[in-house]
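Novice: Can you keep this structure in mind? I'll have questions shortly.
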Amino acid sequence: MCLIGIATIGKGSDWEEFRDLARGGIPVMYRNKIWQEASGALDMRLPGYYKDLLTLLNPETCQCWGDIDMDLHRTFPTNVLFGPGGQGIEKLKNILLAYSLHNPSVGYCQGMNLLAGTLLLTNNTEEEAFWILTAMLGVHLPEDYFTQQLLSPQADQRVLRELVQEIMPRLSLHFQEMHVDLTAITFSWFLTLFTDCLPVETLLRVWDVFFVEGMIVVFRIAVAILWMNEKEILKCRNGAAVYCFMKQMTMSMHQADKLIKVAFGTLKSYIQPEKIEAKRQKHKRSVRQELIQEQQLMNIKAFACTSPPADKKKALRN
């Protein structure tokens, strides 16, 4: 079932040629097969494993079912696959429940429905979509991306703000002056890999590159979106106007070639994998320390609320 032997290409000229072809867009007829191979899903796939998971599915005993059920009908509701009479909802339910069994330490997190839904839209079978989703969450995104504390997503937002400050200082200052929290807009870009903001044809082009080049693509695309809309954002004279514009600006980005060119051409020298990884590790340490301090503070407050007065005085003396 191996299509082109991506795993054997290595990092030489052949890989660079394949990377450039992916940036130019994978033909629709080959997309799902190449995604399976480039994502690593083909190597992860275990015959019969997904069917075994399906036999174990029981929404009533799944701790994640309430969240999954709530998000099912929010997934591309205007698309015929997920609309009334469409087969998408049942397939999506199976994939998300199966993943919660496959990886119980993560279970389900809001945003996974959009990832799985997008995979179903690209002509992947239910099982193929499950394995690509598993590869996305286990290989291409950090292991802690969908944990309860959202450690890596928080760190990535700090990296993005730092990049904006370095690459577009005027825009960064504008956000400060308008009291705009960039994370309020861009957090979902990262958590859903742009499924909630880009037109589907542009989104699929971004994912073509994501499966080949990994997480660095998310940073390059996010910065490219801001770069391409900087002039219009700077025209906004108050915070409300900034939020309003930024929430709708991405939906009109139908020129996928232009977005890819900016992300991997214009901004190439600014966003290098080694530098991004160093920034990510730095901010992950900061976020982790802040989470520890928050937990310690919560423990102190809980102790203060539940301990008898004598115990409080003794604790304070100690």
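Just so we're on the same page: first chain in the structure tokens is A, next is B, and so on; residues restart at 1 for each chain, and ligands are numbered from 1 in the order they show up.
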Considering only C-alpha atoms, return as a list of chain:residue names whatever protein or nucleic-acid residues lie within 12 Å of A:Pro199, sequence-local ones (same chain, fewer than 3 positions apart) excluded.
Specialist: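 Near neighbours after the sequence-gap exclusion: A:Phe76, A:Thr118, A:Phe194, A:Thr195, A:Asp196, A:Thr202, A:Leu203, A:Leu204, A:Arg205, A:Val206, A:Gln248, A:Met249, A:Thr250, A:Met251, A:Ser252, A:Met253, A:His254, A:Gln255, A:Ala256.
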Novice: Hey, can you spit out that residue selection with N, CA and C atoms as a PDB file, in the first residue's frame?
Specialist:
ATOM      1  N   PHE A  76     -18.870  21.389  11.038  1.00  0.00           N
ATOM      2  CA  PHE A  76     -19.231  21.698   9.650  1.00  0.00           C
ATOM      3  C   PHE A  76     -20.725  21.454   9.385  1.00  0.00           C
ATOM      4  N   THR A 118     -12.382  17.147   9.124  1.00  0.00           N
ATOM      5  CA  THR A 118     -11.643  17.533   7.921  1.00  0.00           C
ATOM      6  C   THR A 118     -11.071  16.303   7.231  1.00  0.00           C
ATOM      7  N   PHE A 194      -6.192  25.481  11.999  1.00  0.00           N
ATOM      8  CA  PHE A 194      -6.816  26.419  11.072  1.00  0.00           C
ATOM      9  C   PHE A 194      -8.152  25.926  10.496  1.00  0.00           C
ATOM     10  N   THR A 195      -8.678  24.806  11.003  1.00  0.00           N
ATOM     11  CA  THR A 195      -9.941  24.312  10.447  1.00  0.00           C
ATOM     12  C   THR A 195     -11.111  25.243  10.728  1.00  0.00           C
ATOM     13  N   ASP A 196     -11.002  26.080  11.750  1.00  0.00           N
ATOM     14  CA  ASP A 196     -12.118  26.958  12.108  1.00  0.00           C
ATOM     15  C   ASP A 196     -12.001  28.340  11.492  1.00  0.00           C
ATOM     16  N   THR A 202      -8.038  26.301   0.908  1.00  0.00           N
ATOM     17  CA  THR A 202      -6.775  26.815   1.444  1.00  0.00           C
ATOM     18  C   THR A 202      -6.296  25.942   2.594  1.00  0.00           C
ATOM     19  N   LEU A 203      -7.225  25.510   3.438  1.00  0.00           N
ATOM     20  CA  LEU A 203      -6.887  24.649   4.564  1.00  0.00           C
ATOM     21  C   LEU A 203      -6.203  23.368   4.102  1.00  0.00           C
ATOM     22  N   LEU A 204      -6.725  22.745   3.062  1.00  0.00           N
ATOM     23  CA  LEU A 204      -6.150  21.491   2.592  1.00  0.00           C
ATOM     24  C   LEU A 204      -4.738  21.691   2.057  1.00  0.00           C
ATOM     25  N   ARG A 205      -4.483  22.837   1.464  1.00  0.00           N
ATOM     26  CA  ARG A 205      -3.125  23.151   0.991  1.00  0.00           C
ATOM     27  C   ARG A 205      -2.176  23.312   2.177  1.00  0.00           C
ATOM     28  N   VAL A 206      -2.666  23.913   3.247  1.00  0.00           N
ATOM     29  CA  VAL A 206      -1.843  24.062   4.455  1.00  0.00           C
ATOM     30  C   VAL A 206      -1.538  22.695   5.050  1.00  0.00           C
ATOM     31  N   GLN A 248     -12.936  37.628  11.006  1.00  0.00           N
ATOM     32  CA  GLN A 248     -13.485  37.298   9.697  1.00  0.00           C
ATOM     33  C   GLN A 248     -12.469  37.374   8.555  1.00  0.00           C
ATOM     34  N   MET A 249     -11.279  37.924   8.824  1.00  0.00           N
ATOM     35  CA  MET A 249     -10.312  38.163   7.748  1.00  0.00           C
ATOM     36  C   MET A 249      -9.834  36.874   7.076  1.00  0.00           C
ATOM     37  N   THR A 250      -9.735  35.787   7.835  1.00  0.00           N
ATOM     38  CA  THR A 250      -9.185  34.555   7.286  1.00  0.00           C
ATOM     39  C   THR A 250     -10.128  33.860   6.319  1.00  0.00           C
ATOM     40  N   MET A 251     -11.429  34.071   6.491  1.00  0.00           N
ATOM     41  CA  MET A 251     -12.400  33.360   5.663  1.00  0.00           C
ATOM     42  C   MET A 251     -12.372  33.793   4.202  1.00  0.00           C
ATOM     43  N   SER A 252     -11.745  34.918   3.935  1.00  0.00           N
ATOM     44  CA  SER A 252     -11.648  35.391   2.546  1.00  0.00           C
ATOM     45  C   SER A 252     -10.286  35.089   1.933  1.00  0.00           C
ATOM     46  N   MET A 253      -9.477  34.282   2.628  1.00  0.00           N
ATOM     47  CA  MET A 253      -8.130  33.981   2.129  1.00  0.00           C
ATOM     48  C   MET A 253      -8.182  32.764   1.200  1.00  0.00           C
ATOM     49  N   HIS A 254      -8.698  32.993   0.004  1.00  0.00           N
ATOM     50  CA  HIS A 254      -8.854  31.917  -0.978  1.00  0.00           C
ATOM     51  C   HIS A 254      -7.611  31.726  -1.833  1.00  0.00           C
ATOM     52  N   GLN A 255      -6.657  32.651  -1.767  1.00  0.00           N
ATOM     53  CA  GLN A 255      -5.446  32.552  -2.577  1.00  0.00           C
ATOM     54  C   GLN A 255      -4.395  31.732  -1.827  1.00  0.00           C
ATOM     55  N   ALA A 256      -4.547  30.432  -1.911  1.00  0.00           N
ATOM     56  CA  ALA A 256      -3.646  29.535  -1.188  1.00  0.00           C
ATOM     57  C   ALA A 256      -2.199  29.686  -1.652  1.00  0.00           C
TER      58      ALA A 256
END
Novice: Stretch 159-174 of chain A: which residues within 7 Å, counting only C-alpha atoms, same-chain residues fewer than 3 positions away excluded, as a VMD selection string?
Specialist: chain A and resid 155 to 156 177 to 178 219 230 234 279 to 280
Novice: Show which residues sit within 10 Å of A:Val287, as a list in words. Count only C-alpha atoms, and ignore same-chain residues fewer than 3 positions away.
Specialist: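 My reading of the contact set: Gln149, Leu150, Leu151, Ser152, Gln154, Ala155, Arg158, Gln281, Lys282, His283, Lys284, Glu290, Leu291, Ile292 and Gln293 of chain A.
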Novice: Hey, can you check how far atom CA of A:Cys244 sits from atom CA of A:Ala224?
Specialist: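 Atom CA of A:Cys244 sits 19.0 Å away from atom CA of A:Ala224.
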Novice: Can you tell me how far atom CA of A:Ile95 sits from atom CA of A:Ile132, in Å to one decimal?
Specialist: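 Those two atoms sit 10.7 Å apart.
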Novice: Name all residues at most 9 Å from A:Glu126 (count only C-alpha atoms; drop same-chain ones fewer than 2 positions away) and give them as an mmCIF file with C-alpha atoms, in the first residue's frame.
Specialist:
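File written: part33.cif
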data_model
loop_
_atom_site.group_PDB
_atom_site.id
_atom_site.type_symbol
_atom_site.label_atom_id
_atom_site.label_comp_id
_atom_site.auth_asym_id
_atom_site.auth_seq_id
_atom_site.Cartn_x
_atom_site.Cartn_y
_atom_site.Cartn_z
ATOM 1 C CA LYS A 91 -18.401 8.195 11.419
ATOM 2 C CA LEU A 92 -17.140 11.173 13.401
ATOM 3 C CA ASN A 94 -16.945 6.451 16.042
ATOM 4 C CA ILE A 95 -13.564 8.042 15.390
ATOM 5 C CA LEU A 119 -10.039 14.123 7.421
ATOM 6 C CA LEU A 120 -13.438 12.640 6.549
ATOM 7 C CA ASN A 124 -10.565 9.177 3.765
ATOM 8 C CA GLU A 128 -8.017 5.927 7.533
ATOM 9 C CA ALA A 129 -9.218 9.124 9.222
ATOM 10 C CA PHE A 130 -8.754 7.506 12.649
ATOM 11 C CA TRP A 131 -5.146 6.556 11.946
#
Novice: Can you tell me which residues surround A:Asp67 at a distance of at most 8 Å, considering only C-alpha atoms, apart from same-chain residues fewer than 6 positions away, and format the answer as an mmCIF file with N, CA, C and O atoms, in the first residue's frame?
Specialist:
data_model
loop_
_atom_site.group_PDB
_atom_site.id
_atom_site.type_symbol
_atom_site.label_atom_id
_atom_site.label_comp_id
_atom_site.auth_asym_id
_atom_site.auth_seq_id
_atom_site.Cartn_x
_atom_site.Cartn_y
_atom_site.Cartn_z
ATOM 1 N N TYR A 108 -10.667 13.172 25.007
ATOM 2 C CA TYR A 108 -11.187 14.065 23.977
ATOM 3 C C TYR A 108 -10.990 15.505 24.415
ATOM 4 O O TYR A 108 -11.149 15.836 25.592
ATOM 5 N N CYS A 109 -10.647 16.335 23.459
ATOM 6 C CA CYS A 109 -10.499 17.772 23.710
ATOM 7 C C CYS A 109 -11.177 18.516 22.571
ATOM 8 O O CYS A 109 -11.102 18.089 21.409
ATOM 9 N N GLN A 110 -11.832 19.604 22.899
ATOM 10 C CA GLN A 110 -12.518 20.397 21.874
ATOM 11 C C GLN A 110 -11.529 20.794 20.789
ATOM 12 O O GLN A 110 -10.432 21.273 21.066
#
Novice: Just the helix (DSSP H, G or I) stuff from stretch 15-148 of chain A, please, per backbone DSSP, written as a PyMOL selection string.
Specialist: chain A and resi 15-23+28-39+41-44+49-56+59-61+65-72+88-102+112-121+126-140
Novice: Given only C-alpha atoms as the basis, pick out the residue of A:Tyr270, A:Phe210, A:Trp65, A:Phe82 nearest to A:Gly25.
Specialist: A:Phe210
